[in-house]
>>> print(open('coords.tsv').read())   # TSV, C-alpha atoms
chain	number	residue	atom	x	y	z
A	93	MET	CA	100.26	122.36	85.01
A	94	ALA	CA	96.74	122.49	83.57
A	95	GLY	CA	93.71	122.78	85.84
A	96	VAL	CA	90.85	120.37	86.17
A	97	THR	CA	88.58	120.09	83.14
A	98	LYS	CA	84.81	120.65	83.33
A	99	ASP	CA	84.25	117.00	82.49
A	100	GLN	CA	86.53	115.89	85.35
A	101	THR	CA	84.78	118.24	87.78
A	102	ALA	CA	81.35	116.93	86.76
A	103	LEU	CA	82.52	113.32	87.01
A	104	ILE	CA	84.09	113.85	90.43
A	105	ARG	CA	80.88	115.46	91.70
A	106	ARG	CA	78.70	112.65	90.33
A	107	LEU	CA	80.94	109.88	91.68
A	108	THR	CA	81.32	111.63	95.05
A	109	ARG	CA	77.55	111.91	95.37
A	110	ARG	CA	77.13	108.19	94.64
A	111	ALA	CA	79.91	107.17	97.02
A	112	ASN	CA	78.68	109.35	99.87
A	113	ARG	CA	75.10	108.09	99.38
A	114	ARG	CA	76.36	104.53	99.82
A	115	ILE	CA	78.12	105.49	103.03
A	116	GLU	CA	75.04	107.35	104.34
A	117	ARG	CA	72.68	104.45	103.55
A	118	ALA	CA	74.93	101.79	105.06
A	119	LYS	CA	74.01	100.42	108.47
A	120	GLY	CA	75.84	98.85	111.39
A	121	GLY	CA	79.12	97.15	110.63
A	122	GLN	CA	79.04	98.12	106.97
A	123	LYS	CA	78.77	101.82	107.83
A	124	THR	CA	81.62	101.57	110.32
A	125	TYR	CA	83.74	99.71	107.76
A	126	LEU	CA	83.04	102.19	104.94
A	127	GLU	CA	83.74	105.19	107.15
A	128	SER	CA	87.02	103.60	108.22
A	129	ILE	CA	88.28	103.24	104.64
A	130	VAL	CA	87.39	106.83	103.71
A	131	ALA	CA	89.32	109.61	105.43
A	132	GLY	CA	86.88	111.74	107.40
A	133	GLY	CA	84.03	109.31	106.77
A	134	LYS	CA	83.02	110.79	103.43
A	135	PHE	CA	84.43	111.94	100.11
A	136	SER	CA	84.90	115.56	99.12
A	137	ALA	CA	83.90	116.87	95.69
A	138	ALA	CA	86.22	119.87	95.96
A	139	THR	CA	88.40	120.29	92.87
A	140	LYS	CA	89.74	123.82	93.35
A	141	GLY	CA	93.51	123.86	92.97
A	142	MET	CA	93.70	120.31	91.60
A	143	SER	CA	95.71	119.45	88.54
A	144	GLN	CA	94.29	117.19	85.84
A	145	GLN	CA	96.49	114.38	87.15
A	146	GLN	CA	95.20	114.85	90.70
A	147	ALA	CA	91.62	114.89	89.39
A	148	ALA	CA	92.27	111.69	87.43
A	149	ALA	CA	93.67	110.08	90.60
A	150	GLN	CA	90.57	111.18	92.56
A	151	ILE	CA	88.31	109.70	89.86
A	152	ARG	CA	90.23	106.39	90.03
A	153	LYS	CA	89.91	106.40	93.84
A	154	LEU	CA	86.15	106.99	93.66
A	155	GLU	CA	85.66	104.35	90.96
A	156	LYS	CA	87.70	101.84	92.96
A	157	PHE	CA	85.51	102.52	96.02
A	158	LEU	CA	82.28	102.20	94.03
A	159	ASN	CA	83.46	98.95	92.40
A	160	ARG	CA	84.17	97.27	95.75
A	161	MET	CA	81.72	94.52	96.58
A	162	SER	CA	81.67	95.67	100.20
A	163	THR	CA	80.18	99.08	99.34
A	164	THR	CA	76.83	97.67	98.19
A	165	ARG	CA	74.18	96.16	100.48
A	166	VAL	CA	74.01	92.96	98.40
A	167	GLY	CA	77.80	92.64	98.35
A	168	TRP	CA	78.08	93.31	102.08
A	169	ASP	CA	75.39	90.73	102.87
A	170	TRP	CA	77.18	88.15	100.72
A	171	ILE	CA	80.55	88.85	102.38
A	172	ARG	CA	78.98	88.65	105.84
A	173	LYS	CA	77.26	85.36	104.95
A	174	GLU	CA	80.56	83.91	103.70
A	175	ILE	CA	82.40	85.00	106.86
A	176	VAL	CA	79.72	83.43	109.06
A	177	HIS	CA	79.84	80.23	107.01
A	178	LYS	CA	83.63	79.97	107.29
A	179	ALA	CA	83.53	80.68	111.03
A	180	ALA	CA	80.85	77.99	111.48
A	181	GLN	CA	83.01	75.54	109.50
A	182	THR	CA	85.96	76.31	111.79
A	183	LEU	CA	83.78	75.70	114.85
A	184	SER	CA	82.54	72.46	113.27
A	185	LYS	CA	86.14	71.27	112.86
A	186	GLN	CA	86.58	71.94	116.59
A	187	GLY	CA	83.62	69.68	117.36
A	188	TYR	CA	80.86	72.28	117.71
A	189	SER	CA	77.42	71.80	116.15
A	190	ILE	CA	76.62	75.52	115.80
A	191	THR	CA	74.76	76.24	112.54
A	192	ASP	CA	75.39	79.21	110.25
A	193	GLU	CA	72.04	80.68	111.34
A	194	GLU	CA	72.83	80.29	115.04
A	195	LEU	CA	76.27	81.81	114.59
A	196	ALA	CA	74.82	84.74	112.63
A	197	GLU	CA	72.36	85.35	115.48
A	198	ILE	CA	75.15	85.14	118.07
A	199	LEU	CA	77.25	87.63	116.09
A	200	MET	CA	74.31	90.04	115.89
A	201	GLN	CA	73.89	89.95	119.66
A	202	VAL	CA	77.50	89.68	120.89
A	203	ASP	CA	80.49	91.93	120.27
A	204	ALA	CA	82.74	89.53	118.33
A	205	SER	CA	85.81	91.62	119.15
A	206	ASP	CA	85.38	90.48	122.78
A	207	LYS	CA	86.66	86.94	122.24
A	208	THR	CA	86.00	85.85	125.83
A	209	GLU	CA	82.32	86.81	125.61
A	210	TYR	CA	82.01	85.39	122.09
A	211	TYR	CA	83.32	81.96	123.16
A	212	ARG	CA	81.37	82.08	126.43
A	213	VAL	CA	78.14	82.36	124.42
A	214	ILE	CA	79.28	79.79	121.83
A	215	ASN	CA	79.96	77.32	124.67
A	216	ILE	CA	76.62	78.00	126.39
A	217	VAL	CA	74.74	77.51	123.11
A	218	GLU	CA	76.65	74.31	122.36
A	219	ALA	CA	75.97	72.98	125.88
A	220	LYS	CA	72.26	73.75	125.53
A	221	LYS	CA	72.13	71.93	122.19
A	222	ASN	CA	73.92	68.90	123.68
A	223	GLU	CA	71.72	68.85	126.80
A	224	ASP	CA	68.44	69.24	124.87
A	225	PRO	CA	68.45	67.99	121.25
A	226	GLY	CA	65.22	69.93	120.63
A	227	TRP	CA	66.79	73.26	121.63
A	228	LYS	CA	66.80	75.82	118.80
A	229	GLY	CA	69.14	78.77	118.47
A	230	THR	CA	66.40	81.38	118.07
A	231	ALA	CA	67.04	85.04	118.81
A	232	ALA	CA	65.20	84.73	122.13
A	233	ASN	CA	67.03	81.54	123.15
A	234	ILE	CA	70.41	83.03	122.30
A	235	GLN	CA	69.52	86.20	124.22
A	236	ALA	CA	68.67	84.01	127.22
A	237	ALA	CA	72.04	82.23	126.84
A	238	ILE	CA	73.85	85.57	126.78
A	239	GLU	CA	72.08	86.61	129.98
A	240	GLU	CA	73.19	83.51	131.89
A	241	LYS	CA	75.39	84.55	134.78
A	242	ILE	CA	78.27	82.13	134.31
A	243	SER	CA	81.89	82.81	133.51
A	244	ALA	CA	83.65	81.86	130.30
A	245	GLN	CA	85.43	79.02	132.15
A	246	GLN	CA	82.15	77.75	133.59
A	247	ALA	CA	80.59	77.85	130.10
A	248	LEU	CA	83.51	75.87	128.69
A	249	ASP	CA	83.33	73.31	131.50
A	250	ARG	CA	79.56	72.96	130.99
A	251	MET	CA	79.99	72.50	127.23
A	252	LEU	CA	82.71	69.86	127.70
A	253	ALA	CA	80.60	68.00	130.29
A	254	SER	CA	77.60	68.08	127.92
A	255	ARG	CA	79.62	66.24	125.24
A	256	LYS	CA	79.95	63.14	127.42
>>> encode(input="coords.tsv", output="C-alpha cells")
Amino acid sequence: MAGVTKDQTALIRRLTRRANRRIERAKGGQKTYLESIVAGGKFSAATKGMSQQQAAAQIRKLEKFLNRMSTTRVGWDWIRKEIVHKAAQTLSKQGYSITDEELAEILMQVDASDKTEYYRVINIVEAKKNEDPGWKGTAANIQAAIEEKISAQQALDRMLASRK
C-alpha cells in the first residue's frame, strides 16, 4: 500500500482551502446547509496515514462538493429563487395571490419549518391584499402582519372571509 503522493497532498490542501473558504463565506441558510453536508462543518487537509486510493477518494469528495451549484453564492441564490417561485406557484394553485417577492420576504422573516406560523402569516398577507387592493407586501408591511396577535385559525378565517 503506497502512501499519498506529493501531488495528491498539494491538491487536497488546495481543494480543502477552497471548500472551507466557501463554507466560511456562506451566510444564513446556505451556511447551515453546507455545514450539514460536511462532517464537523469543515474539511480536513490531513493526509498522514492515507493511501493513494484514500487520497483519490478525498479529492473526488472535495471536487464533488466544489462542483455543487449550492456551494456558490450565485448557485444558492438561483436555487432559493426557484424554490420560492415553485412555492408561490403552489400557493397560486390554492387560490392565493402571493407574489414571489412577497413570499421571499415572508420566508426571510418567518421560520418556514414552523408550518403553523408560516401559514398564519400567508393567510394574514392574503387577507390584507384582498381587503385592500393597494396593499403591498413590503418588508415593513409583512413585519406588521407577523406581529398581529391572531391565531392561525383566526388568520385562516379572516382570509376566507376576505375572498367573498
>>> atom_distance(input="coords.tsv", atom1="CA of Lys134 in chain A", atom2="CA of Arg172 in chain A")
22.6 Å
>>> residues_around(input="coords.tsv", residues="Gln181 in chain A", least_positions_apart="4", cutoff="9 Å", atoms="all atoms listed in the file", output="ChimeraX atom specification")
/A:176-177,185-186,190-192
>>> closest_residue(input="coords.tsv", among="A:Gln145, A:Gln150, A:Ala237, A:Ala131", to="Gln201 in chain A", atoms="only C-alpha atoms")
A:Ala237
>>> atom_distance(input="coords.tsv", atom1="CA of Asp206 in chain A", atom2="CA of Tyr125 in chain A")
17.7 Å
>>> closest_residue(input="coords.tsv", among="A:Glu239, A:Arg114, A:Val202, A:Gly167", to="Val130 in chain A", atoms="only C-alpha atoms")
A:Arg114
>>> decode(input="coords.tsv", residues="range 122-138 of chain A", atoms="all heavy atoms", output="JSON list (two decimals), in the first residue's frame")
[["chain", "number", "residue", "atom", "x", "y", "z"],
["A", 122, "GLN", "N", -27.61, 29.05, 3.70],
["A", 122, "GLN", "CA", -26.59, 28.37, 2.92],
["A", 122, "GLN", "C", -25.50, 27.83, 3.84],
["A", 122, "GLN", "O", -25.05, 26.70, 3.69],
["A", 122, "GLN", "CB", -25.98, 29.31, 1.88],
["A", 122, "GLN", "CG", -24.93, 28.59, 1.02],
["A", 122, "GLN", "CD", -24.18, 29.51, 0.08],
["A", 122, "GLN", "OE1", -24.08, 30.71, 0.31],
["A", 122, "GLN", "NE2", -23.65, 28.93, -0.98],
["A", 123, "LYS", "N", -25.08, 28.61, 4.81],
["A", 123, "LYS", "CA", -24.03, 28.18, 5.74],
["A", 123, "LYS", "C", -24.50, 26.94, 6.52],
["A", 123, "LYS", "O", -23.77, 25.96, 6.64],
["A", 123, "LYS", "CB", -23.64, 29.30, 6.70],
["A", 123, "LYS", "CG", -22.46, 28.94, 7.58],
["A", 123, "LYS", "CD", -21.98, 30.15, 8.35],
["A", 123, "LYS", "CE", -20.71, 29.88, 9.09],
["A", 123, "LYS", "NZ", -19.52, 30.02, 8.28],
["A", 124, "THR", "N", -25.71, 27.01, 7.02],
["A", 124, "THR", "CA", -26.27, 25.88, 7.77],
["A", 124, "THR", "C", -26.31, 24.63, 6.89],
["A", 124, "THR", "O", -25.94, 23.54, 7.31],
["A", 124, "THR", "CB", -27.69, 26.22, 8.26],
["A", 124, "THR", "OG1", -27.62, 27.40, 9.06],
["A", 124, "THR", "CG2", -28.29, 25.08, 9.07],
["A", 125, "TYR", "N", -26.76, 24.80, 5.64],
["A", 125, "TYR", "CA", -26.84, 23.68, 4.70],
["A", 125, "TYR", "C", -25.46, 23.10, 4.43],
["A", 125, "TYR", "O", -25.27, 21.89, 4.50],
["A", 125, "TYR", "CB", -27.49, 24.15, 3.40],
["A", 125, "TYR", "CG", -27.35, 23.16, 2.27],
["A", 125, "TYR", "CD1", -28.09, 21.98, 2.26],
["A", 125, "TYR", "CD2", -26.45, 23.38, 1.23],
["A", 125, "TYR", "CE1", -27.96, 21.06, 1.23],
["A", 125, "TYR", "CE2", -26.30, 22.46, 0.21],
["A", 125, "TYR", "CZ", -27.06, 21.31, 0.21],
["A", 125, "TYR", "OH", -26.90, 20.41, -0.80],
["A", 126, "LEU", "N", -24.48, 23.95, 4.12],
["A", 126, "LEU", "CA", -23.14, 23.47, 3.80],
["A", 126, "LEU", "C", -22.50, 22.76, 4.99],
["A", 126, "LEU", "O", -21.86, 21.72, 4.83],
["A", 126, "LEU", "CB", -22.25, 24.61, 3.31],
["A", 126, "LEU", "CG", -22.66, 25.25, 1.98],
["A", 126, "LEU", "CD1", -21.73, 26.40, 1.63],
["A", 126, "LEU", "CD2", -22.70, 24.23, 0.86],
["A", 127, "GLU", "N", -22.68, 23.32, 6.17],
["A", 127, "GLU", "CA", -22.11, 22.68, 7.37],
["A", 127, "GLU", "C", -22.78, 21.33, 7.63],
["A", 127, "GLU", "O", -22.14, 20.42, 8.14],
["A", 127, "GLU", "CB", -22.25, 23.60, 8.58],
["A", 127, "GLU", "CG", -21.30, 24.78, 8.52],
["A", 127, "GLU", "CD", -21.50, 25.78, 9.64],
["A", 127, "GLU", "OE1", -22.57, 25.77, 10.30],
["A", 127, "GLU", "OE2", -20.58, 26.60, 9.86],
["A", 128, "SER", "N", -24.05, 21.20, 7.24],
["A", 128, "SER", "CA", -24.75, 19.94, 7.48],
["A", 128, "SER", "C", -24.29, 18.83, 6.54],
["A", 128, "SER", "O", -24.40, 17.65, 6.87],
["A", 128, "SER", "CB", -26.27, 20.13, 7.35],
["A", 128, "SER", "OG", -26.64, 20.25, 5.99],
["A", 129, "ILE", "N", -23.78, 19.20, 5.35],
["A", 129, "ILE", "CA", -23.35, 18.15, 4.42],
["A", 129, "ILE", "C", -21.87, 17.80, 4.57],
["A", 129, "ILE", "O", -21.40, 16.87, 3.94],
["A", 129, "ILE", "CB", -23.67, 18.51, 2.95],
["A", 129, "ILE", "CG1", -22.94, 19.76, 2.49],
["A", 129, "ILE", "CG2", -25.15, 18.63, 2.73],
["A", 129, "ILE", "CD1", -23.07, 20.04, 1.01],
["A", 130, "VAL", "N", -21.17, 18.54, 5.44],
["A", 130, "VAL", "CA", -19.76, 18.27, 5.68],
["A", 130, "VAL", "C", -19.61, 17.89, 7.15],
["A", 130, "VAL", "O", -19.94, 18.68, 8.03],
["A", 130, "VAL", "CB", -18.89, 19.52, 5.37],
["A", 130, "VAL", "CG1", -17.44, 19.24, 5.68],
["A", 130, "VAL", "CG2", -19.06, 19.94, 3.93],
["A", 131, "ALA", "N", -19.12, 16.70, 7.40],
["A", 131, "ALA", "CA", -18.93, 16.24, 8.78],
["A", 131, "ALA", "C", -18.05, 17.22, 9.54],
["A", 131, "ALA", "O", -16.97, 17.58, 9.09],
["A", 131, "ALA", "CB", -18.31, 14.85, 8.79],
["A", 132, "GLY", "N", -18.52, 17.68, 10.69],
["A", 132, "GLY", "CA", -17.75, 18.60, 11.50],
["A", 132, "GLY", "C", -17.80, 20.03, 11.01],
["A", 132, "GLY", "O", -17.14, 20.91, 11.57],
["A", 133, "GLY", "N", -18.53, 20.30, 9.94],
["A", 133, "GLY", "CA", -18.68, 21.66, 9.45],
["A", 133, "GLY", "C", -17.56, 22.17, 8.57],
["A", 133, "GLY", "O", -17.66, 23.26, 8.01],
["A", 134, "LYS", "N", -16.48, 21.42, 8.45],
["A", 134, "LYS", "CA", -15.42, 21.82, 7.53],
["A", 134, "LYS", "C", -14.58, 20.62, 7.14],
["A", 134, "LYS", "O", -14.60, 19.59, 7.81],
["A", 134, "LYS", "CB", -14.56, 22.95, 8.11],
["A", 134, "LYS", "CG", -13.81, 22.61, 9.38],
["A", 134, "LYS", "CD", -13.15, 23.85, 9.97],
["A", 134, "LYS", "CE", -11.67, 23.80, 9.76],
["A", 134, "LYS", "NZ", -10.95, 24.92, 10.29],
["A", 135, "PHE", "N", -13.84, 20.77, 6.06],
["A", 135, "PHE", "CA", -12.99, 19.69, 5.55],
["A", 135, "PHE", "C", -11.64, 19.73, 6.23],
["A", 135, "PHE", "O", -11.16, 20.79, 6.64],
["A", 135, "PHE", "CB", -12.79, 19.84, 4.04],
["A", 135, "PHE", "CG", -13.99, 19.49, 3.22],
["A", 135, "PHE", "CD1", -14.82, 20.49, 2.74],
["A", 135, "PHE", "CD2", -14.30, 18.18, 2.93],
["A", 135, "PHE", "CE1", -15.94, 20.19, 1.98],
["A", 135, "PHE", "CE2", -15.41, 17.86, 2.17],
["A", 135, "PHE", "CZ", -16.24, 18.88, 1.69],
["A", 136, "SER", "N", -11.00, 18.57, 6.31],
["A", 136, "SER", "CA", -9.66, 18.47, 6.85],
["A", 136, "SER", "C", -8.68, 18.19, 5.71],
["A", 136, "SER", "O", -8.97, 17.41, 4.81],
["A", 136, "SER", "CB", -9.58, 17.32, 7.86],
["A", 136, "SER", "OG", -8.23, 17.08, 8.23],
["A", 137, "ALA", "N", -7.51, 18.84, 5.79],
["A", 137, "ALA", "CA", -6.47, 18.64, 4.76],
["A", 137, "ALA", "C", -5.46, 17.58, 5.20],
["A", 137, "ALA", "O", -4.47, 17.34, 4.50],
["A", 137, "ALA", "CB", -5.77, 19.96, 4.47],
["A", 138, "ALA", "N", -5.71, 16.93, 6.32],
["A", 138, "ALA", "CA", -4.77, 15.93, 6.83],
["A", 138, "ALA", "C", -4.68, 14.74, 5.88],
["A", 138, "ALA", "O", -5.68, 14.20, 5.45],
["A", 138, "ALA", "CB", -5.20, 15.46, 8.21]]
